[in-house]
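File shown: input.pdb. Contents: PDB, C-alpha atoms and all ligand atoms.
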ATOM      1  CA  MET A   1     -74.184 -23.498  -2.505
ATOM      2  CA  ARG A   2     -71.028 -25.547  -3.083
ATOM      3  CA  ARG A   3     -68.513 -24.030  -5.472
ATOM      4  CA  ILE A   4     -66.693 -26.333  -7.874
ATOM      5  CA  ALA A   5     -63.446 -25.623  -9.738
ATOM      6  CA  VAL A   6     -62.847 -27.768 -12.818
ATOM      7  CA  LEU A   7     -59.189 -28.132 -13.827
ATOM      8  CA  VAL A   8     -58.609 -28.821 -17.515
ATOM      9  CA  SER A   9     -55.941 -28.940 -20.213
ATOM     10  CA  GLY A  10     -57.867 -29.576 -23.421
ATOM     11  CA  SER A  11     -61.244 -29.854 -25.078
ATOM     12  CA  GLY A  12     -63.230 -29.879 -21.856
ATOM     13  CA  SER A  13     -65.944 -32.313 -22.889
ATOM     14  CA  ASN A  14     -65.991 -33.588 -19.293
ATOM     15  CA  LEU A  15     -66.330 -29.981 -18.103
ATOM     16  CA  GLN A  16     -69.309 -29.707 -20.468
ATOM     17  CA  SER A  17     -70.870 -32.831 -18.936
ATOM     18  CA  LEU A  18     -70.737 -31.106 -15.534
ATOM     19  CA  ILE A  19     -72.216 -27.860 -16.871
ATOM     20  CA  ASP A  20     -75.013 -29.857 -18.531
ATOM     21  CA  ALA A  21     -75.636 -31.816 -15.326
ATOM     22  CA  GLN A  22     -75.888 -28.578 -13.384
ATOM     23  CA  GLN A  23     -78.366 -27.181 -15.929
ATOM     24  CA  SER A  24     -80.496 -30.334 -15.901
ATOM     25  CA  GLY A  25     -80.567 -30.438 -12.098
ATOM     26  CA  GLN A  26     -78.621 -33.721 -11.848
ATOM     27  CA  ILE A  27     -76.059 -31.699  -9.899
ATOM     28  CA  SER A  28     -77.889 -29.518  -7.402
ATOM     29  CA  GLY A  29     -76.802 -27.279  -4.582
ATOM     30  CA  ALA A  30     -73.523 -26.642  -6.379
ATOM     31  CA  GLU A  31     -72.186 -24.701  -9.328
ATOM     32  CA  VAL A  32     -69.143 -24.823 -11.564
ATOM     33  CA  ALA A  33     -67.717 -21.500 -10.397
ATOM     34  CA  LEU A  34     -64.218 -21.597 -11.887
ATOM     35  CA  VAL A  35     -62.264 -23.274 -14.674
ATOM     36  CA  ILE A  36     -58.482 -23.427 -14.394
ATOM     37  CA  SER A  37     -56.534 -24.489 -17.465
ATOM     38  CA  SER A  38     -52.908 -25.566 -17.514
ATOM     39  CA  LYS A  39     -52.749 -24.445 -21.159
ATOM     40  CA  PRO A  40     -53.859 -21.288 -22.978
ATOM     41  CA  ASN A  41     -56.217 -21.311 -25.976
ATOM     42  CA  VAL A  42     -57.889 -24.643 -25.252
ATOM     43  CA  TYR A  43     -61.529 -25.252 -26.124
ATOM     44  CA  ALA A  44     -62.425 -25.782 -22.462
ATOM     45  CA  LEU A  45     -61.823 -22.038 -21.919
ATOM     46  CA  GLU A  46     -64.338 -21.217 -24.666
ATOM     47  CA  ARG A  47     -66.868 -23.484 -23.016
ATOM     48  CA  ALA A  48     -66.343 -21.594 -19.746
ATOM     49  CA  ALA A  49     -66.798 -18.226 -21.491
ATOM     50  CA  THR A  50     -69.958 -19.398 -23.268
ATOM     51  CA  HIS A  51     -71.482 -20.307 -19.927
ATOM     52  CA  GLY A  52     -70.288 -17.206 -18.071
ATOM     53  CA  ILE A  53     -67.921 -19.192 -15.839
ATOM     54  CA  ALA A  54     -64.781 -17.447 -14.548
ATOM     55  CA  SER A  55     -61.580 -18.944 -15.938
ATOM     56  CA  ARG A  56     -57.861 -18.626 -15.417
ATOM     57  CA  VAL A  57     -54.817 -20.038 -17.201
ATOM     58  CA  ILE A  58     -52.136 -21.127 -14.728
ATOM     59  CA  ARG A  59     -49.120 -22.688 -16.408
ATOM     60  CA  THR A  60     -46.498 -24.595 -14.426
ATOM     61  CA  ALA A  61     -43.777 -23.203 -16.729
ATOM     62  CA  ASP A  62     -44.502 -19.651 -15.528
ATOM     63  CA  TYR A  63     -43.722 -20.370 -11.856
ATOM     64  CA  SER A  64     -41.313 -22.023  -9.482
ATOM     65  CA  PRO A  65     -42.957 -25.101  -7.866
ATOM     66  CA  ALA A  66     -43.675 -23.154  -4.654
ATOM     67  CA  GLU A  67     -45.124 -20.187  -6.549
ATOM     68  CA  TYR A  68     -47.233 -22.495  -8.699
ATOM     69  CA  GLU A  69     -48.788 -24.042  -5.606
ATOM     70  CA  LYS A  70     -49.441 -20.555  -4.178
ATOM     71  CA  ALA A  71     -50.979 -19.309  -7.440
ATOM     72  CA  LEU A  72     -53.377 -22.245  -7.509
ATOM     73  CA  LEU A  73     -54.295 -21.979  -3.819
ATOM     74  CA  ASN A  74     -54.806 -18.201  -4.022
ATOM     75  CA  THR A  75     -57.026 -18.525  -7.088
ATOM     76  CA  LEU A  76     -59.088 -21.280  -5.479
ATOM     77  CA  THR A  77     -59.476 -19.209  -2.310
ATOM     78  CA  GLU A  78     -60.362 -16.018  -4.210
ATOM     79  CA  HIS A  79     -63.229 -17.888  -5.831
ATOM     80  CA  SER A  80     -64.311 -19.592  -2.556
ATOM     81  CA  ILE A  81     -63.864 -23.041  -4.078
ATOM     82  CA  ASP A  82     -64.690 -26.046  -1.891
ATOM     83  CA  THR A  83     -64.628 -28.886  -4.447
ATOM     84  CA  ILE A  84     -62.093 -29.602  -7.213
ATOM     85  CA  VAL A  85     -62.637 -31.793 -10.262
ATOM     86  CA  LEU A  86     -59.670 -32.785 -12.421
ATOM     87  CA  ALA A  87     -61.150 -33.325 -15.882
ATOM     88  CA  GLY A  88     -58.375 -34.024 -18.352
ATOM     89  CA  PHE A  89     -55.904 -31.934 -16.310
ATOM     90  CA  LEU A  90     -52.403 -32.846 -17.454
ATOM     91  CA  ALA A  91     -50.324 -31.007 -14.834
ATOM     92  CA  ILE A  92     -49.380 -32.493 -11.464
ATOM     93  CA  LEU A  93     -51.410 -31.010  -8.628
ATOM     94  CA  PRO A  94     -49.085 -29.633  -5.906
ATOM     95  CA  GLN A  95     -49.117 -31.374  -2.520
ATOM     96  CA  GLY A  96     -50.332 -28.219  -0.756
ATOM     97  CA  VAL A  97     -53.487 -28.180  -2.881
ATOM     98  CA  ILE A  98     -54.089 -31.891  -2.291
ATOM     99  CA  GLY A  99     -53.649 -31.379   1.453
ATOM    100  CA  ALA A 100     -55.929 -28.342   1.592
ATOM    101  CA  TYR A 101     -58.741 -30.065  -0.333
ATOM    102  CA  ARG A 102     -58.332 -33.680   0.815
ATOM    103  CA  GLY A 103     -61.499 -35.692   0.206
ATOM    104  CA  ARG A 104     -62.863 -32.909  -1.976
ATOM    105  CA  ILE A 105     -60.793 -33.523  -5.134
ATOM    106  CA  VAL A 106     -61.764 -36.119  -7.719
ATOM    107  CA  ASN A 107     -60.165 -37.131 -11.017
ATOM    108  CA  ILE A 108     -61.555 -38.881 -14.079
ATOM    109  CA  HIS A 109     -59.273 -41.480 -15.643
ATOM    110  CA  PRO A 110     -60.048 -43.222 -18.954
ATOM    111  CA  SER A 111     -59.362 -46.817 -17.902
ATOM    112  CA  LEU A 112     -60.380 -49.292 -15.232
ATOM    113  CA  ILE A 113     -57.875 -48.483 -12.482
ATOM    114  CA  PRO A 114     -55.569 -50.206 -11.473
ATOM    115  CA  SER A 115     -55.101 -51.160 -15.137
ATOM    116  CA  PHE A 116     -53.553 -48.703 -17.588
ATOM    117  CA  CYS A 117     -52.921 -45.922 -15.091
ATOM    118  CA  GLY A 118     -50.037 -44.184 -13.361
ATOM    119  CA  LYS A 119     -47.062 -42.410 -14.889
ATOM    120  CA  GLY A 120     -47.227 -42.091 -18.672
ATOM    121  CA  PHE A 121     -50.811 -43.339 -18.989
ATOM    122  CA  TYR A 122     -52.785 -40.372 -20.234
ATOM    123  CA  GLY A 123     -54.851 -39.461 -23.275
ATOM    124  CA  ALA A 124     -54.468 -41.576 -26.410
ATOM    125  CA  ARG A 125     -51.624 -43.592 -24.832
ATOM    126  CA  VAL A 126     -54.098 -45.290 -22.506
ATOM    127  CA  HIS A 127     -56.322 -46.507 -25.318
ATOM    128  CA  ARG A 128     -53.398 -47.648 -27.490
ATOM    129  CA  ALA A 129     -52.098 -49.695 -24.551
ATOM    130  CA  VAL A 130     -55.560 -51.170 -23.986
ATOM    131  CA  TYR A 131     -55.756 -52.100 -27.683
ATOM    132  CA  GLU A 132     -52.283 -53.645 -27.782
ATOM    133  CA  SER A 133     -52.776 -55.654 -24.603
ATOM    134  CA  ALA A 134     -55.827 -57.398 -26.138
ATOM    135  CA  VAL A 135     -57.978 -56.914 -23.024
ATOM    136  CA  LYS A 136     -61.660 -57.340 -23.742
ATOM    137  CA  LEU A 137     -62.921 -54.845 -21.178
ATOM    138  CA  THR A 138     -61.919 -51.270 -20.472
ATOM    139  CA  GLY A 139     -63.794 -48.284 -19.079
ATOM    140  CA  ALA A 140     -63.543 -45.186 -16.947
ATOM    141  CA  THR A 141     -62.824 -44.512 -13.296
ATOM    142  CA  VAL A 142     -63.523 -41.579 -10.999
ATOM    143  CA  HIS A 143     -61.334 -41.570  -7.911
ATOM    144  CA  PHE A 144     -60.324 -39.335  -5.053
ATOM    145  CA  VAL A 145     -56.990 -37.604  -5.550
ATOM    146  CA  ASP A 146     -54.138 -38.317  -3.186
ATOM    147  CA  GLU A 147     -50.394 -37.684  -3.479
ATOM    148  CA  GLY A 148     -49.772 -40.519  -5.965
ATOM    149  CA  ILE A 149     -50.571 -40.706  -9.679
ATOM    150  CA  ASP A 150     -54.011 -42.330 -10.061
ATOM    151  CA  THR A 151     -53.648 -43.994  -6.645
ATOM    152  CA  GLY A 152     -56.554 -42.428  -4.719
ATOM    153  CA  LYS A 153     -59.549 -44.492  -3.649
ATOM    154  CA  VAL A 154     -61.867 -45.458  -6.501
ATOM    155  CA  ILE A 155     -65.378 -44.021  -6.158
ATOM    156  CA  CYS A 156     -67.055 -45.227  -9.367
ATOM    157  CA  GLN A 157     -66.168 -47.327 -12.419
ATOM    158  CA  ARG A 158     -68.047 -48.397 -15.517
ATOM    159  CA  GLY A 159     -66.809 -50.808 -18.152
ATOM    160  CA  VAL A 160     -67.157 -51.105 -21.896
ATOM    161  CA  ALA A 161     -66.373 -54.096 -24.124
ATOM    162  CA  VAL A 162     -63.477 -53.986 -26.577
ATOM    163  CA  ALA A 163     -64.631 -55.559 -29.836
ATOM    164  CA  ALA A 164     -62.600 -57.136 -32.650
ATOM    165  CA  ASP A 165     -63.240 -54.204 -34.961
ATOM    166  CA  ASP A 166     -62.317 -51.536 -32.394
ATOM    167  CA  THR A 167     -59.316 -49.266 -32.892
ATOM    168  CA  PRO A 168     -57.601 -47.146 -30.217
ATOM    169  CA  GLU A 169     -59.725 -44.244 -31.508
ATOM    170  CA  THR A 170     -63.070 -46.054 -31.268
ATOM    171  CA  ILE A 171     -62.128 -47.335 -27.814
ATOM    172  CA  ALA A 172     -61.380 -43.736 -26.770
ATOM    173  CA  ALA A 173     -64.764 -42.575 -28.059
ATOM    174  CA  LYS A 174     -66.637 -45.358 -26.221
ATOM    175  CA  VAL A 175     -64.778 -44.612 -22.989
ATOM    176  CA  LEU A 176     -65.361 -40.867 -23.286
ATOM    177  CA  LYS A 177     -69.131 -41.530 -23.433
ATOM    178  CA  ILE A 178     -68.835 -43.440 -20.164
ATOM    179  CA  GLU A 179     -66.749 -40.639 -18.627
ATOM    180  CA  HIS A 180     -69.564 -38.211 -19.400
ATOM    181  CA  GLN A 181     -71.957 -40.455 -17.449
ATOM    182  CA  ILE A 182     -69.958 -41.267 -14.361
ATOM    183  CA  LEU A 183     -68.244 -37.924 -13.717
ATOM    184  CA  PRO A 184     -71.531 -36.008 -13.193
ATOM    185  CA  GLU A 185     -72.861 -38.922 -11.100
ATOM    186  CA  VAL A 186     -69.878 -38.744  -8.771
ATOM    187  CA  VAL A 187     -69.797 -34.952  -8.548
ATOM    188  CA  ALA A 188     -73.555 -34.855  -7.850
ATOM    189  CA  ALA A 189     -73.001 -37.368  -5.040
ATOM    190  CA  LEU A 190     -69.943 -35.586  -3.663
ATOM    191  CA  VAL A 191     -71.616 -32.169  -3.365
ATOM    192  CA  ALA A 192     -74.747 -33.750  -1.889
ATOM    193  CA  ASP A 193     -72.709 -35.694   0.702
ATOM    194  CA  ARG A 194     -73.876 -39.005  -0.789
ATOM    195  CA  ILE A 195     -70.445 -40.667  -0.712
ATOM    196  CA  GLU A 196     -70.421 -43.327   1.982
ATOM    197  CA  TRP A 197     -67.332 -45.010   3.342
ATOM    198  CA  VAL A 198     -67.493 -48.740   3.984
ATOM    199  CA  ASP A 199     -64.320 -50.229   5.408
ATOM    200  CA  GLU A 200     -62.278 -47.332   3.965
ATOM    201  CA  ARG A 201     -63.854 -47.728   0.511
ATOM    202  CA  PRO A 202     -66.048 -44.937  -0.906
ATOM    203  CA  PHE A 203     -69.413 -45.793  -2.481
ATOM    204  CA  ILE A 204     -72.177 -43.621  -3.942
ATOM    205  CA  ARG A 205     -75.488 -43.743  -2.042
ATOM    206  CA  ARG A 206     -78.401 -43.839  -4.493
ATOM    207  CA  GLY A 207     -81.596 -43.815  -2.423
ATOM    208  CA  GLU A 208     -81.410 -46.848  -0.165
ATOM    209  CA  GLU A 209     -78.666 -48.474  -2.221
ATOM    210  CA  ILE A 210     -74.946 -47.897  -2.180
ATOM    211  CA  GLY A 211     -72.621 -48.901  -4.978
TER     212      GLY A 211
HETATM  213  C1  LIG B 301     -60.490 -37.620 -20.994
HETATM  214  O1  LIG B 301     -60.362 -38.870 -21.614
HETATM  215  C2  LIG B 301     -60.002 -37.735 -19.574
HETATM  216  O2  LIG B 301     -60.334 -38.900 -18.956
HETATM  217  C3  LIG B 301     -58.529 -37.676 -19.814
HETATM  218  O3  LIG B 301     -58.372 -36.680 -20.779
HETATM  219  C4  LIG B 301     -59.531 -36.607 -21.581
HETATM  220  C5  LIG B 301     -60.027 -35.211 -21.491
HETATM  221  O4  LIG B 301     -61.111 -34.968 -22.287
HETATM  222  N1  LIG B 301     -57.800 -37.575 -18.587
HETATM  223  P1  LIG B 301     -61.908 -33.607 -22.180
HETATM  224  O5  LIG B 301     -60.904 -32.457 -22.164
HETATM  225  O6  LIG B 301     -62.759 -33.642 -20.959
HETATM  226  O7  LIG B 301     -62.735 -33.570 -23.449
END
Structure translated into structure tokens:
Amino acid sequence: MRRIAVLVSGSGSNLQSLIDAQQSGQISGAEVALVISSKPNVYALERAATHGIASRVIRTADYSPAEYEKALLNTLTEHSIDTIVLAGFLAILPQGVIGAYRGRIVNIHPSLIPSFCGKGFYGARVHRAVYESAVKLTGATVHFVDEGIDTGKVICQRGVAVAADDTPETIAAKVLKIEHQILPEVVAALVADRIEWVDERPFIRRGEEIG
């Protein structure tokens, strides 16, 4: 049984999509075993409690950088975690954690990378920038995590049209729906070893097909 840690900072609707996917059997052979929040009192922690999932609050402000890395690594080890999902996690993951879990950490980002990503592009800011730029297509991306900000290899993307009557808020809602589809798809594939590398690009294997 693979053991997944989901790292959060807010509402945790993406965490919920993983819990639901585990309950429906879309994710099998793995369980969400730990939730780590960078902030106290967020709704994601209530979701964890409701589902009997262990949770911890680990705030960067409470540690030196080296201690923060240690606190995260110790907690992950204590709970025998082998896979990490960043789902709306707003802190920077320390290099030691990235190194220890390379190829086993994914992040969900609410735009079509490489557009509207990198430093400063998080939460509502992403959707406002999409709106202001007048692009007609946005979407969500799940990618592996490396040392950069939103620079890891893209595993899966899905787009959504931006219509004339959209607002940053309606764009956010449309994208969030897509996030809730693709994040469980990727995590299900990752824990079932259905990610295939083609010329250094990861794809999901779905039966005979990859893509
Ligand atoms: C999502 O849009 C995610 O892509 C972004 O932050 C939001 C978190 O939502 N990084 P939730 O906490 O999963 O509801």
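You will find CA of Thr77 in chain A at 20.7 Å from CA of Ser9 in chain A.
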Exercise. Name the closest residue to Val135 in chain A among the candidates A:Phe116, A:Tyr63, A:Trp197, A:Phe121; distances are taken between atoms, counting all atoms listed in the file.
Key: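 Distance minimum relative to Val135 in chain A lands on A:Phe116.
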Adding 8 Å on each side of the box along x, y and z that holds all listed atoms of ligand LIG 301 (chain B), could you give its centre and edge lengths in Å to one decimal, as lines of an AutoDock Vina configuration file?
center_x = -60.3
center_y = -35.7
center_z = -21.0
size_x = 21.0
size_y = 22.4
size_z = 20.9
As a PDB file with C-alpha atoms, in the coordinates of the input, please: every protein or nucleic acid residue near ligand LIG 301 (chain B) (cut-off 7 Å, counting only C-alpha atoms and all ligand atoms).
ATOM      1  CA  VAL A   8     -58.609 -28.821 -17.515  1.00  0.00           C
ATOM      2  CA  SER A   9     -55.941 -28.940 -20.213  1.00  0.00           C
ATOM      3  CA  GLY A  10     -57.867 -29.576 -23.421  1.00  0.00           C
ATOM      4  CA  SER A  11     -61.244 -29.854 -25.078  1.00  0.00           C
ATOM      5  CA  GLY A  12     -63.230 -29.879 -21.856  1.00  0.00           C
ATOM      6  CA  SER A  13     -65.944 -32.313 -22.889  1.00  0.00           C
ATOM      7  CA  ASN A  14     -65.991 -33.588 -19.293  1.00  0.00           C
ATOM      8  CA  LEU A  15     -66.330 -29.981 -18.103  1.00  0.00           C
ATOM      9  CA  ALA A  44     -62.425 -25.782 -22.462  1.00  0.00           C
ATOM     10  CA  ALA A  87     -61.150 -33.325 -15.882  1.00  0.00           C
ATOM     11  CA  GLY A  88     -58.375 -34.024 -18.352  1.00  0.00           C
ATOM     12  CA  PHE A  89     -55.904 -31.934 -16.310  1.00  0.00           C
ATOM     13  CA  ILE A 108     -61.555 -38.881 -14.079  1.00  0.00           C
ATOM     14  CA  HIS A 109     -59.273 -41.480 -15.643  1.00  0.00           C
ATOM     15  CA  PRO A 110     -60.048 -43.222 -18.954  1.00  0.00           C
ATOM     16  CA  TYR A 122     -52.785 -40.372 -20.234  1.00  0.00           C
ATOM     17  CA  GLY A 123     -54.851 -39.461 -23.275  1.00  0.00           C
ATOM     18  CA  LEU A 176     -65.361 -40.867 -23.286  1.00  0.00           C
ATOM     19  CA  GLU A 179     -66.749 -40.639 -18.627  1.00  0.00           C
TER      20      GLU A 179
END
Quiz item: Could you name the residues that touch Ile171 in chain A at 7 Å or less, counting only C-alpha atoms, but leaving out those on the same chain fewer than 4 positions away, as a list in words?
Solution: His127, Val162, Asp166, Thr167 and Val175 of chain A
Quiz item: What lies within 12 Å of His51 in chain A using only C-alpha atoms, ignoring chain neighbours under 6 positions off, as a list of chain:residue names?
Solution: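 Non-adjacent residues within range: A:Leu15, A:Gln16, A:Leu18, A:Ile19, A:Asp20, A:Gln22, A:Gln23, A:Glu31, A:Val32, A:Ala33, A:Leu34, A:Val35, A:Ala44, A:Leu45.
The environment of Pro94 in chain A within 9 Å, counting only C-alpha atoms and disregarding residues fewer than 2 places along the same chain, consists of Pro65, Ala66, Tyr68, Glu69, Leu72, Ile92, Gly96, Val97, Ile98, Gly99 and Glu147 of chain A.
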Given the file shown, determine the residues that the PyMOL selection byres (((chain A and resi 141) around 7) and not hetatm) selects; report them as an mmCIF file with C-alpha atoms, keeping the file's coordinate frame.
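As a result, expr.cif now contains:
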data_model
loop_
_atom_site.group_PDB
_atom_site.id
_atom_site.type_symbol
_atom_site.label_atom_id
_atom_site.label_comp_id
_atom_site.auth_asym_id
_atom_site.auth_seq_id
_atom_site.Cartn_x
_atom_site.Cartn_y
_atom_site.Cartn_z
ATOM 1 C CA ILE A 108 -61.555 -38.881 -14.079
ATOM 2 C CA HIS A 109 -59.273 -41.480 -15.643
ATOM 3 C CA PRO A 110 -60.048 -43.222 -18.954
ATOM 4 C CA SER A 111 -59.362 -46.817 -17.902
ATOM 5 C CA LEU A 112 -60.380 -49.292 -15.232
ATOM 6 C CA ILE A 113 -57.875 -48.483 -12.482
ATOM 7 C CA GLY A 139 -63.794 -48.284 -19.079
ATOM 8 C CA ALA A 140 -63.543 -45.186 -16.947
ATOM 9 C CA VAL A 142 -63.523 -41.579 -10.999
ATOM 10 C CA HIS A 143 -61.334 -41.570 -7.911
ATOM 11 C CA VAL A 154 -61.867 -45.458 -6.501
ATOM 12 C CA CYS A 156 -67.055 -45.227 -9.367
ATOM 13 C CA GLN A 157 -66.168 -47.327 -12.419
ATOM 14 C CA ARG A 158 -68.047 -48.397 -15.517
#
Quiz item: Using all atoms listed in the file, which residues sit within 12 Å of Val198 in chain A once same-chain residues fewer than 5 positions away are excluded, as number ranges by chain?
Solution: A: 153, 155, 203-205, 210-211
Quiz item: Hey, which of A:Thr75, A:Thr83, A:Thr50, A:Ser64 ends up closest to Ala30 in chain A? Count all atoms listed in the file.
Solution: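 Using all atoms listed in the file, Ala30 in chain A sits closest to A:Thr83.
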Practice problem: Please identify all polymer residues lying at most 12 Å from the point (-43.9, -38.2, -4.4) (file coordinates), using only C-alpha atoms, and present the result as number ranges by chain. | Solution: A: 92-95, 119, 146-149, 151
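Shortest separation to Lys136 in chain A among A:Ala124, A:Ala189, A:Leu76, A:Ala163 occurs at residue A:Ala163, atoms counted being all atoms listed in the file.
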Self-check item: Two-atom distance - CA of Ala100 in chain A, CA of Ile195 in chain A (Å)
Solution: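 Taking CA of Ala100 in chain A and CA of Ile195 in chain A, their separation equals 19.2 Å.
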Self-check item: Atom pair CA of Ser80 in chain A / CA of Ala54 in chain A: separation (Å)
Solution: 12.2 Å
Quiz item: Pick the closest to Lys174 in chain A from A:Glu209, A:Glu200, A:Thr138, A:Ile53: which is it, counting all atoms listed in the file?
Solution: A:Thr138
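Distance check against Gly118 in chain A using all atoms listed in the file: of A:Glu185, A:Ile81, A:Gly152, A:Gly25, the minimum falls on A:Gly152.
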Quiz item: So what does the PyMOL selection byres (((chain A and resi 29) around 7) and not hetatm) actually pick up in this one, as a VMD selection string?
Solution: chain A and resid 1 to 2 27 to 28 30
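Residue nearest Lys39 in chain A within the list A:Asp82, A:Lys70, A:Ala91, A:Ala164: A:Ala91 [criterion: smallest interatomic distance, only C-alpha atoms].
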Quiz item: Residues at most 6 Å from Val6 in chain A, counting only C-alpha atoms, excluding those fewer than 2 positions away in the same chain, as a list of chain:residue names?
Solution: A:Val35, A:Ile84, A:Val85, A:Leu86
Exercise. Please work out which residues fall within 7 Å of (-76.3, -37.3, -17.5), coordinates as given in the file, with all atoms listed in the file counting, and return them as number ranges by chain.
Key: A: 21, 181, 184
